[in-house]
Structure formats: C-alpha cells, structure tokens
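Colleague: The file below is start_2.cif, mmCIF, C-alpha atoms:
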data_protein
loop_
_atom_site.group_PDB
_atom_site.id
_atom_site.type_symbol
_atom_site.label_atom_id
_atom_site.label_comp_id
_atom_site.auth_asym_id
_atom_site.auth_seq_id
_atom_site.Cartn_x
_atom_site.Cartn_y
_atom_site.Cartn_z
ATOM 1 C CA MET A 1 0.000 0.000 0.000
ATOM 2 C CA GLU A 2 1.248 3.457 -0.881
ATOM 3 C CA ARG A 3 2.511 5.406 2.100
ATOM 4 C CA ARG A 4 0.539 8.590 2.695
ATOM 5 C CA THR A 5 2.019 11.550 4.512
ATOM 6 C CA VAL A 6 -0.116 14.541 5.429
ATOM 7 C CA LEU A 7 1.798 17.722 6.151
ATOM 8 C CA LYS A 8 -0.099 19.511 8.907
ATOM 9 C CA LEU A 9 2.298 22.395 9.372
ATOM 10 C CA SER A 10 2.494 25.789 7.781
ATOM 11 C CA ILE A 11 5.370 26.440 5.443
ATOM 12 C CA GLY A 12 6.777 28.678 8.164
ATOM 13 C CA ALA A 13 6.726 25.686 10.496
ATOM 14 C CA LEU A 14 8.315 23.548 7.805
ATOM 15 C CA LEU A 15 11.189 25.987 7.650
ATOM 16 C CA GLY A 16 11.672 26.174 11.380
ATOM 17 C CA ALA A 17 8.861 28.200 12.944
ATOM 18 C CA SER A 18 6.265 26.539 15.168
ATOM 19 C CA THR A 19 2.513 26.834 15.577
ATOM 20 C CA GLY A 20 0.894 26.121 18.930
ATOM 21 C CA LEU A 21 -1.438 23.144 18.864
ATOM 22 C CA GLY A 22 -3.971 24.972 20.999
ATOM 23 C CA GLY A 23 -4.029 27.916 18.575
ATOM 24 C CA LEU A 24 -4.369 25.550 15.631
ATOM 25 C CA ARG A 25 -7.350 23.791 17.189
ATOM 26 C CA ALA A 26 -8.996 27.090 18.065
ATOM 27 C CA ALA A 27 -8.588 28.397 14.526
ATOM 28 C CA MET A 28 -10.014 25.217 13.060
ATOM 29 C CA ALA A 29 -12.944 25.224 15.456
ATOM 30 C CA ALA A 30 -13.780 28.740 14.317
ATOM 31 C CA GLY A 31 -13.656 27.696 10.646
ATOM 32 C CA LYS A 32 -10.541 29.778 10.094
ATOM 33 C CA ASP A 33 -8.343 27.140 8.485
ATOM 34 C CA ILE A 34 -7.319 27.322 4.814
ATOM 35 C CA VAL A 35 -5.487 24.402 3.249
ATOM 36 C CA TYR A 36 -3.291 24.233 0.203
ATOM 37 C CA LEU A 37 -3.203 20.904 -1.642
ATOM 38 C CA THR A 38 0.119 20.798 -3.476
ATOM 39 C CA PRO A 39 1.652 18.208 -5.837
ATOM 40 C CA GLY A 40 4.907 18.067 -3.883
ATOM 41 C CA LEU A 41 6.747 20.362 -1.479
ATOM 42 C CA ASP A 42 10.054 18.858 -2.594
ATOM 43 C CA LEU A 43 9.837 21.103 -5.670
ATOM 44 C CA PRO A 44 10.828 24.717 -4.893
ATOM 45 C CA PHE A 45 8.082 26.143 -7.124
ATOM 46 C CA TRP A 46 5.326 24.715 -4.922
ATOM 47 C CA ARG A 47 7.071 25.842 -1.731
ATOM 48 C CA TYR A 48 7.282 29.407 -3.031
ATOM 49 C CA LEU A 49 3.622 29.347 -4.097
ATOM 50 C CA ALA A 50 2.647 27.979 -0.690
ATOM 51 C CA LYS A 51 4.508 30.813 1.036
ATOM 52 C CA GLY A 52 2.514 33.344 -0.976
ATOM 53 C CA VAL A 53 -0.814 31.770 0.022
ATOM 54 C CA GLU A 54 0.307 31.496 3.618
ATOM 55 C CA ALA A 55 1.427 35.116 3.968
ATOM 56 C CA THR A 56 -1.814 36.391 2.418
ATOM 57 C CA VAL A 57 -4.329 34.360 4.428
ATOM 58 C CA LYS A 58 -2.465 34.680 7.726
ATOM 59 C CA ALA A 59 -2.494 38.458 7.347
ATOM 60 C CA GLN A 60 -6.307 38.212 7.508
ATOM 61 C CA GLY A 61 -6.354 36.010 10.604
ATOM 62 C CA TYR A 62 -6.663 32.608 8.944
ATOM 63 C CA ASN A 63 -4.559 29.615 9.817
ATOM 64 C CA PHE A 64 -2.748 27.799 7.007
ATOM 65 C CA GLN A 65 -1.831 24.208 6.224
ATOM 66 C CA ALA A 66 0.017 22.710 3.261
ATOM 67 C CA LEU A 67 -0.911 19.116 2.455
ATOM 68 C CA ASP A 68 1.617 17.333 0.260
ATOM 69 C CA SER A 69 0.169 15.004 -2.396
ATOM 70 C CA HIS A 70 3.585 13.513 -3.270
ATOM 71 C CA ASN A 71 2.528 13.609 -6.948
ATOM 72 C CA SER A 72 -0.108 10.957 -6.191
ATOM 73 C CA ALA A 73 -3.751 11.449 -7.185
ATOM 74 C CA GLN A 74 -4.782 8.981 -4.464
ATOM 75 C CA THR A 75 -2.930 10.931 -1.780
ATOM 76 C CA GLN A 76 -4.344 14.206 -3.097
ATOM 77 C CA LEU A 77 -7.892 12.867 -2.812
ATOM 78 C CA GLN A 78 -7.300 11.521 0.696
ATOM 79 C CA ASN A 79 -5.790 14.846 1.785
ATOM 80 C CA ALA A 80 -8.866 16.622 0.435
ATOM 81 C CA GLN A 81 -11.185 14.229 2.290
ATOM 82 C CA ASP A 82 -9.257 14.781 5.532
ATOM 83 C CA ALA A 83 -9.363 18.564 5.148
ATOM 84 C CA ILE A 84 -13.089 18.586 4.396
ATOM 85 C CA ALA A 85 -13.806 16.274 7.328
ATOM 86 C CA ARG A 86 -12.062 18.786 9.592
ATOM 87 C CA GLY A 87 -14.331 21.575 8.356
ATOM 88 C CA VAL A 88 -11.796 23.878 6.729
ATOM 89 C CA ALA A 89 -12.950 27.271 5.504
ATOM 90 C CA GLY A 90 -11.443 27.056 2.047
ATOM 91 C CA ILE A 91 -9.193 25.029 -0.245
ATOM 92 C CA VAL A 92 -6.472 26.161 -2.644
ATOM 93 C CA ILE A 93 -5.379 23.328 -4.925
ATOM 94 C CA SER A 94 -2.549 22.812 -7.378
ATOM 95 C CA PRO A 95 -3.682 19.463 -8.809
ATOM 96 C CA THR A 96 -1.368 16.544 -9.504
ATOM 97 C CA ASP A 97 -2.703 16.874 -13.053
ATOM 98 C CA SER A 98 -5.749 18.329 -14.769
ATOM 99 C CA SER A 99 -7.637 15.021 -14.857
ATOM 100 C CA THR A 100 -7.450 14.494 -11.074
ATOM 101 C CA ALA A 101 -8.766 17.909 -10.030
ATOM 102 C CA PRO A 102 -12.480 17.267 -10.714
ATOM 103 C CA SER A 103 -12.706 14.648 -7.949
ATOM 104 C CA VAL A 104 -11.428 17.118 -5.363
ATOM 105 C CA LEU A 105 -13.635 19.924 -6.671
ATOM 106 C CA ALA A 106 -16.681 17.655 -6.463
ATOM 107 C CA LEU A 107 -15.937 16.844 -2.814
ATOM 108 C CA ALA A 108 -15.503 20.527 -1.974
ATOM 109 C CA LYS A 109 -18.737 21.466 -3.738
ATOM 110 C CA ARG A 110 -20.669 18.781 -1.881
ATOM 111 C CA ALA A 111 -19.298 20.115 1.421
ATOM 112 C CA LYS A 112 -19.983 23.741 0.370
ATOM 113 C CA ILE A 113 -16.321 24.645 0.795
ATOM 114 C CA PRO A 114 -14.970 27.141 -1.761
ATOM 115 C CA ALA A 115 -11.996 26.109 -3.864
ATOM 116 C CA VAL A 116 -9.427 28.062 -5.843
ATOM 117 C CA ILE A 117 -7.099 26.451 -8.382
ATOM 118 C CA ALA A 118 -3.483 27.614 -8.338
ATOM 119 C CA ASP A 119 -1.800 26.531 -11.579
ATOM 120 C CA ILE A 120 -2.073 23.218 -13.490
ATOM 121 C CA GLY A 121 -5.787 23.592 -14.301
ATOM 122 C CA THR A 122 -8.722 21.185 -14.358
ATOM 123 C CA ASN A 123 -10.643 19.322 -17.023
ATOM 124 C CA SER A 124 -13.965 20.102 -15.336
ATOM 125 C CA GLY A 125 -15.579 21.048 -12.043
ATOM 126 C CA GLU A 126 -16.619 24.179 -10.156
ATOM 127 C CA TYR A 127 -14.181 26.591 -8.522
ATOM 128 C CA SER A 128 -14.085 30.239 -7.516
ATOM 129 C CA SER A 129 -11.005 31.289 -9.462
ATOM 130 C CA PHE A 130 -8.128 29.864 -11.488
ATOM 131 C CA ILE A 131 -4.734 31.497 -11.032
ATOM 132 C CA ILE A 132 -2.494 30.627 -13.938
ATOM 133 C CA SER A 133 0.694 31.762 -15.613
ATOM 134 C CA ASP A 134 0.675 32.345 -19.345
ATOM 135 C CA ASN A 135 2.504 29.079 -19.962
ATOM 136 C CA TYR A 136 2.220 29.250 -23.736
ATOM 137 C CA LYS A 137 3.679 32.778 -23.918
ATOM 138 C CA GLY A 138 6.378 32.019 -21.350
ATOM 139 C CA ALA A 139 7.531 28.871 -23.140
ATOM 140 C CA HIS A 140 7.240 30.629 -26.500
ATOM 141 C CA ASP A 141 9.676 33.296 -25.283
ATOM 142 C CA VAL A 142 12.042 30.569 -24.072
ATOM 143 C CA GLY A 143 11.883 28.928 -27.495
ATOM 144 C CA VAL A 144 12.654 32.181 -29.282
ATOM 145 C CA ALA A 145 15.591 32.930 -26.961
ATOM 146 C CA LEU A 146 17.049 29.442 -27.362
ATOM 147 C CA ALA A 147 16.656 29.560 -31.156
ATOM 148 C CA GLN A 148 18.434 32.908 -31.307
ATOM 149 C CA SER A 149 21.288 31.587 -29.163
ATOM 150 C CA LEU A 150 21.574 28.511 -31.396
ATOM 151 C CA LYS A 151 21.723 30.728 -34.490
ATOM 152 C CA LYS A 152 24.561 32.755 -32.967
ATOM 153 C CA LYS A 153 26.488 29.506 -32.609
ATOM 154 C CA GLY A 154 25.568 28.332 -36.103
ATOM 155 C CA TRP A 155 23.673 25.389 -34.595
ATOM 156 C CA GLN A 156 20.185 26.184 -35.891
ATOM 157 C CA ASP A 157 20.150 22.972 -37.937
ATOM 158 C CA GLY A 158 20.918 20.705 -34.977
ATOM 159 C CA SER A 159 18.377 18.919 -32.803
ATOM 160 C CA VAL A 160 16.641 20.008 -29.603
ATOM 161 C CA GLY A 161 15.258 17.730 -26.889
ATOM 162 C CA ILE A 162 12.476 18.360 -24.379
ATOM 163 C CA ILE A 163 12.183 16.981 -20.861
ATOM 164 C CA ALA A 164 8.597 17.865 -20.058
ATOM 165 C CA ILE A 165 6.273 18.005 -17.113
ATOM 166 C CA SER A 166 3.243 15.733 -17.447
ATOM 167 C CA GLN A 167 1.477 16.275 -20.748
ATOM 168 C CA ALA A 168 -1.757 15.334 -18.971
ATOM 169 C CA ARG A 169 -1.512 18.787 -17.396
ATOM 170 C CA LYS A 170 -2.923 21.681 -19.384
ATOM 171 C CA ASN A 171 0.098 23.800 -18.462
ATOM 172 C CA GLY A 172 2.403 21.039 -19.696
ATOM 173 C CA GLN A 173 0.651 20.966 -23.059
ATOM 174 C CA ALA A 174 0.914 24.753 -23.303
ATOM 175 C CA ARG A 175 4.630 24.734 -22.474
ATOM 176 C CA THR A 176 5.436 22.184 -25.141
ATOM 177 C CA LYS A 177 3.415 23.900 -27.875
ATOM 178 C CA GLY A 178 4.643 27.370 -26.919
ATOM 179 C CA PHE A 179 8.272 26.272 -26.913
ATOM 180 C CA LEU A 180 8.066 24.526 -30.291
ATOM 181 C CA ASP A 181 6.295 27.520 -31.846
ATOM 182 C CA GLY A 182 8.907 29.852 -30.362
ATOM 183 C CA LEU A 183 11.770 27.738 -31.679
ATOM 184 C CA LYS A 184 10.365 27.951 -35.188
ATOM 185 C CA GLU A 185 9.678 31.674 -34.934
ATOM 186 C CA GLY A 186 13.203 32.257 -33.649
ATOM 187 C CA GLY A 187 14.724 30.658 -36.725
ATOM 188 C CA PHE A 188 15.412 27.100 -35.615
ATOM 189 C CA THR A 189 15.383 24.780 -38.625
ATOM 190 C CA GLY A 190 16.514 21.519 -37.033
ATOM 191 C CA LYS A 191 14.534 18.611 -35.673
ATOM 192 C CA GLN A 192 13.177 17.489 -32.312
ATOM 193 C CA ALA A 193 15.423 15.043 -30.451
ATOM 194 C CA GLY A 194 12.547 13.507 -28.519
ATOM 195 C CA LEU A 195 10.378 14.255 -25.506
ATOM 196 C CA GLN A 196 10.513 12.608 -22.098
ATOM 197 C CA GLN A 197 7.838 13.196 -19.441
ATOM 198 C CA MET A 198 8.828 13.573 -15.805
ATOM 199 C CA GLN A 199 7.208 11.364 -13.199
ATOM 200 C CA SER A 200 9.179 12.013 -10.009
ATOM 201 C CA TYR A 201 10.257 15.581 -10.925
ATOM 202 C CA THR A 202 13.745 15.102 -9.519
ATOM 203 C CA ALA A 203 17.208 16.076 -10.712
ATOM 204 C CA ASP A 204 18.217 12.404 -10.720
ATOM 205 C CA GLU A 205 15.348 11.467 -13.032
ATOM 206 C CA THR A 206 16.260 14.250 -15.461
ATOM 207 C CA PHE A 207 19.939 13.276 -15.283
ATOM 208 C CA LYS A 208 18.977 9.851 -16.640
ATOM 209 C CA PHE A 209 16.647 11.296 -19.291
ATOM 210 C CA THR A 210 19.393 13.634 -20.466
ATOM 211 C CA GLN A 211 21.961 10.833 -20.608
ATOM 212 C CA ASP A 212 19.598 8.796 -22.781
ATOM 213 C CA MET A 213 18.934 11.725 -25.120
ATOM 214 C CA LEU A 214 22.618 12.535 -25.506
ATOM 215 C CA THR A 215 23.358 8.902 -26.352
ATOM 216 C CA ALA A 216 20.522 8.660 -28.884
ATOM 217 C CA ASN A 217 21.244 12.084 -30.408
ATOM 218 C CA PRO A 218 25.007 12.721 -30.570
ATOM 219 C CA GLY A 219 24.371 15.888 -32.596
ATOM 220 C CA MET A 220 21.879 17.389 -30.136
ATOM 221 C CA ARG A 221 22.512 21.102 -29.653
ATOM 222 C CA GLY A 222 19.688 22.247 -27.383
ATOM 223 C CA LEU A 223 17.638 21.009 -24.439
ATOM 224 C CA PHE A 224 14.529 22.421 -22.740
ATOM 225 C CA ILE A 225 13.698 21.369 -19.172
ATOM 226 C CA GLN A 226 10.137 22.344 -18.270
ATOM 227 C CA THR A 227 10.598 22.988 -14.557
ATOM 228 C CA ASP A 228 13.198 24.157 -12.079
ATOM 229 C CA GLN A 229 15.117 21.658 -9.908
ATOM 230 C CA PRO A 230 15.280 18.964 -12.617
ATOM 231 C CA ALA A 231 17.306 21.362 -14.792
ATOM 232 C CA ILE A 232 20.194 20.860 -12.365
ATOM 233 C CA GLY A 233 20.167 17.156 -13.237
ATOM 234 C CA ALA A 234 20.321 17.974 -16.951
ATOM 235 C CA LEU A 235 23.355 20.218 -16.460
ATOM 236 C CA ARG A 236 25.068 17.472 -14.466
ATOM 237 C CA ALA A 237 24.447 14.989 -17.269
ATOM 238 C CA VAL A 238 25.828 17.384 -19.899
ATOM 239 C CA LYS A 239 28.973 17.833 -17.829
ATOM 240 C CA ALA A 240 29.311 14.096 -17.187
ATOM 241 C CA ALA A 241 29.098 13.486 -20.938
ATOM 242 C CA ARG A 242 31.786 16.137 -21.496
ATOM 243 C CA ARG A 243 29.435 18.077 -23.716
ATOM 244 C CA ASP A 244 30.023 21.422 -21.965
ATOM 245 C CA GLY A 245 30.067 24.155 -24.579
ATOM 246 C CA GLU A 246 28.464 21.884 -27.171
ATOM 247 C CA LEU A 247 24.864 22.095 -25.963
ATOM 248 C CA LEU A 248 22.637 24.995 -24.904
ATOM 249 C CA VAL A 249 20.220 24.402 -22.017
ATOM 250 C CA ALA A 250 16.974 26.302 -21.443
ATOM 251 C CA ALA A 251 14.791 25.950 -18.355
ATOM 252 C CA PHE A 252 11.452 26.966 -16.911
ATOM 253 C CA ASP A 253 10.571 28.373 -13.478
ATOM 254 C CA GLY A 254 13.358 29.501 -11.196
ATOM 255 C CA ILE A 255 15.375 28.593 -8.116
ATOM 256 C CA PRO A 256 18.180 30.601 -6.497
ATOM 257 C CA ASP A 257 20.786 28.334 -8.136
ATOM 258 C CA PHE A 258 19.667 29.667 -11.516
ATOM 259 C CA VAL A 259 21.039 33.148 -10.830
ATOM 260 C CA ASP A 260 24.699 32.153 -11.122
ATOM 261 C CA LEU A 261 23.934 29.585 -13.845
ATOM 262 C CA LEU A 262 22.371 32.313 -15.990
ATOM 263 C CA LYS A 263 25.167 34.760 -15.252
ATOM 264 C CA SER A 264 27.741 32.180 -16.313
ATOM 265 C CA GLY A 265 25.806 31.093 -19.406
ATOM 266 C CA GLN A 266 25.374 27.486 -18.263
ATOM 267 C CA LEU A 267 21.684 28.248 -18.693
ATOM 268 C CA VAL A 268 20.877 30.522 -21.617
ATOM 269 C CA VAL A 269 17.288 31.307 -20.577
ATOM 270 C CA SER A 270 14.609 30.363 -18.069
ATOM 271 C CA GLY A 271 10.938 31.278 -18.388
ATOM 272 C CA MET A 272 10.320 32.180 -14.772
ATOM 273 C CA GLN A 273 6.824 31.956 -13.426
ATOM 274 C CA GLN A 274 6.251 34.069 -10.335
ATOM 275 C CA PRO A 275 5.070 31.443 -7.830
ATOM 276 C CA TYR A 276 5.100 33.656 -4.753
ATOM 277 C CA LEU A 277 2.935 36.184 -6.584
ATOM 278 C CA MET A 278 0.686 33.353 -7.795
ATOM 279 C CA GLY A 279 0.294 32.279 -4.175
ATOM 280 C CA VAL A 280 -0.620 35.815 -3.155
ATOM 281 C CA ARG A 281 -3.252 36.025 -5.895
ATOM 282 C CA SER A 282 -4.611 32.593 -4.912
ATOM 283 C CA GLY A 283 -4.862 33.661 -1.279
ATOM 284 C CA GLU A 284 -6.614 36.873 -2.269
ATOM 285 C CA ALA A 285 -9.097 34.917 -4.393
ATOM 286 C CA ILE A 286 -10.054 32.477 -1.631
ATOM 287 C CA LEU A 287 -10.363 35.345 0.871
ATOM 288 C CA ALA A 288 -12.602 37.287 -1.510
ATOM 289 C CA THR A 289 -14.814 34.228 -1.981
ATOM 290 C CA LEU A 290 -15.101 33.720 1.776
ATOM 291 C CA ALA A 291 -16.083 37.393 2.099
ATOM 292 C CA GLY A 292 -18.982 36.821 -0.295
ATOM 293 C CA LYS A 293 -17.315 38.494 -3.257
ATOM 294 C CA SER A 294 -16.697 37.090 -6.745
ATOM 295 C CA PRO A 295 -13.041 37.118 -7.781
ATOM 296 C CA GLU A 296 -12.151 37.027 -11.462
ATOM 297 C CA LYS A 297 -12.740 33.541 -12.847
ATOM 298 C CA GLU A 298 -9.247 33.431 -14.342
ATOM 299 C CA ILE A 299 -6.301 35.490 -13.116
ATOM 300 C CA THR A 300 -3.171 35.435 -15.261
ATOM 301 C CA VAL A 301 0.258 36.100 -13.776
ATOM 302 C CA PRO A 302 2.984 37.027 -16.287
ATOM 303 C CA ILE A 303 6.040 34.853 -16.923
ATOM 304 C CA VAL A 304 9.386 36.626 -17.194
ATOM 305 C CA ALA A 305 11.970 35.277 -19.655
ATOM 306 C CA ILE A 306 15.256 35.664 -17.781
ATOM 307 C CA THR A 307 18.417 35.385 -19.863
ATOM 308 C CA SER A 308 22.123 35.783 -19.317
ATOM 309 C CA ASP A 309 21.705 39.310 -20.688
ATOM 310 C CA ASN A 310 18.900 40.590 -18.432
ATOM 311 C CA ILE A 311 19.442 38.683 -15.167
ATOM 312 C CA GLU A 312 21.085 41.633 -13.391
ATOM 313 C CA LYS A 313 18.298 44.031 -14.345
ATOM 314 C CA GLU A 314 15.470 41.672 -13.379
ATOM 315 C CA LEU A 315 17.002 40.263 -10.189
ATOM 316 C CA PRO A 316 15.406 42.744 -7.725
ATOM 317 C CA THR A 317 11.926 41.778 -8.973
ATOM 318 C CA ILE A 318 12.381 38.032 -9.166
ATOM 319 C CA ARG A 319 13.938 37.911 -5.707
ATOM 320 C CA LYS A 320 10.485 38.596 -4.293
ATOM 321 C CA THR A 321 7.986 37.258 -6.814
ATOM 322 C CA VAL A 322 9.898 34.124 -7.862
ATOM 323 C CA PHE A 323 12.235 33.196 -5.012
ATOM 324 C CA ALA A 324 10.109 34.497 -2.106
ATOM 325 C CA ASP A 325 13.083 36.494 -0.784
ATOM 326 C CA GLU A 326 15.340 33.434 -0.565
ATOM 327 C CA VAL A 327 18.076 35.108 -2.652
#
Taking this structure as input, can you express it in the form of structure tokens?
Modeller:
Amino acid sequence: MERRTVLKLSIGALLGASTGLGGLRAAMAAGKDIVYLTPGLDLPFWRYLAKGVEATVKAQGYNFQALDSHNSAQTQLQNAQDAIARGVAGIVISPTDSSTAPSVLALAKRAKIPAVIADIGTNSGEYSSFIISDNYKGAHDVGVALAQSLKKKGWQDGSVGIIAISQARKNGQARTKGFLDGLKEGGFTGKQAGLQQMQSYTADETFKFTQDMLTANPGMRGLFIQTDQPAIGALRAVKAARRDGELLVAAFDGIPDFVDLLKSGQLVVSGMQQPYLMGVRSGEAILATLAGKSPEKEITVPIVAITSDNIEKELPTIRKTVFADEV
C-alpha cells in the first residue's frame, strides 16, 4: 500500500517556525483554516507558491496548512477528504494533473467549501477562481531565446530535446506547444530530439533522461527542461558526458541556483513563473470568496523570460515574486 504523509504544518513551520497546537485547534474550530493541496513540497516552485498563500491568508487572521500530495492522485484525494472532514474554511489546490482535479472539486462542492485552483488547471468542475501563468507565452519566449542563441552559434540545424512536465496537465501541453512555436519563430530549422515526461520531478530522473537523449542524439545542440530543480540534473548529465560548450540548455521556473547559472551562461534562458505572486493572488481569491465576493474567474500572472543578458536588471523583482526572498 502506498505510504501517505499529510503535512499539517504551515510552510513557516516547515522551515523552522512553530505553531501552537492549541491555537491551531482554536482556529479550526472557528472555521478559520485554509489548506493548500500541493503536488509536492520537494519542488521549490510549490514551496514558493505555498509561502505566498500562507502570507496572504495569515495576514487576515486565517490559519494555514500545506498538504503534500507527493505527486499521487490517491494521496491528493485523501488529503482533500481529511481537510473537508475537519471543516476547513477554504481550499487552494494545485492538482497533480488536470484530470485528477475534478474529484477534489466535487468533494468541496458537496461540502460547500470554496476552492481556488493555483496553476495546473482542471478538465472540469466548479471553482471560484483559477490562477495561472501564461505558460504558452512564457515557453514561446524561451523557445525564441534558445533559437536565437543557437543561431549565434551556427547550430540552428541541430536537434533540440524536451524533458517535459506531465502532458496530462494543461500547463504542460501549453509549455510544449509554446516552446516549439517559439523555436520555429526564432529561426530554428533543425529537428526534435525527442520528448521525455517527468514522473518524479527530480534532478536524478532528469539526469537519466538527459543521458539517454545525448546517447541517442550525438548531434543534439539544445535542451529544454520544463521545470526548475530537474534542470540541475540535466546540467550534471551534460557535464558528465563532457558536452560542456556543445549544448545549450533552457529551463522553466526559477530557483536561487539559476542566478549564477544564468550569469555564467550554463543556462541561456529560463521562463520564470512568479510562484510567490501566484500564491498571493490565490490567497486573495479564496479570501474574496469567503467574504462573499466574486473574484475574477481566471487570473493570469505574467512569466518573465530571464536570460544571461537581463538577469542583473530583473534580479530585484524576481527575488520577491519568484524566489520568495530566498536570494
């Protein structure tokens, strides 16, 4: 049987702060608890988004919990059932994928608990608001930037591989299409070296995917990793294969490690979503719903294409909205 772990601490507690059990019980008894169902707190993106939700709802007197789904639809559903059974005031969910969200939304609707979707998206179901990045535009800009860098090297006729997030997610589909369209628009005339879909979303998994792609495509000149931490695994694999300087790597999202990697050119571009800001907008949407207001049905947060050329200029902004002040 799959092990299920329910994280019953705030992100602040996860990082070292503590919440009194008595205060937690009192908040829950008063219906002042808001939970965030997240695919996996091992990925920095979800931690930053959680911090944005937490800061926003706590400022209005609500308690906060992050429940880790460990990229399992079964765990996500159980976490939702547990939260609803405890009588939470509201739910913010980043689904494990778009096909698993409707089950959670149906439970919340039946219990008359408002729900807000933060990223990923859903195939169906009722919710108060959907906070989303413009994944197509962000990935499109990454594709253009990578194509232009390849042209400068004279590598526009090479091949480019993609290590993707789940293509069962609407945002994953948008990232792939946007990137391929951007590559073409930017002048890339080569071929695709294949697409691998992440399952565990770890650097080790992407290391193996990258090794396989490099072996199968000795002339590969570009690689796009569709989320943050796994890009580190790709760079390790490129170095292990002694292909440094022979392959350009593009990423998506952002972690503090990316700052120096972009400055040094080890990464040529990363389409950085603003997860902390997405968390803030998600928190605002659930609070508005609880106050009897109607937030916008879809709230789009811009994605910033950060390159080796603009990293210094953009750093003050992304420190807050992307890295949640961790840089």
Colleague: Using all atoms listed in the file, which residues sit within 12 Å of A:Lys153 once same-chain residues fewer than 4 positions away are excluded, as a list in words?
Modeller: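 Near neighbours after the sequence-gap exclusion: Leu146, Ala147, Gln148, Ser149, Asp157, Gly158, Phe188, Arg221, Gly222, Gly245, Glu246, Leu247 and Leu248 of chain A.
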Colleague: Closest to A:Thr206 among A:Met220, A:Leu183, A:Leu43, A:Ala234, using only C-alpha atoms?
Modeller: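 For A:Thr206, the nearest of the given residues is A:Ala234.
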Colleague: For stretch 195-201 of chain A, find every residue with an atom within 10 Å (counting all atoms listed in the file), except residues of its own chain fewer than 3 positions away, and show them as a VMD selection string.
Modeller: chain A and resid 40 42 to 43 70 to 71 160 to 168 172 176 192 204 to 206 209 to 210 212 to 213 223 to 231
Colleague: Any chance you could work out the residue set of the PyMOL selection byres ((chain A and resi 33) around 7) here, as a ChimeraX atom specification?
Modeller: /A:27-28,31-32,34-35,62-64,88-89
Colleague: Around (-9.6, 32.5, -3.5), as given in the file, which residues come within 10 Å? Count all atoms listed in the file and list them as a ChimeraX atom specification.
Modeller: /A:53,57,90-92,114-118,127-131,279-291,293-297
Colleague: For a test of reading the model, state the distance in Å between atom CA of A:Gly143 and atom CA of A:Gly178, rounded to one decimal.
Modeller: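 One can read the atom CA of A:Gly143 to atom CA of A:Gly178 distance as 7.4 Å.
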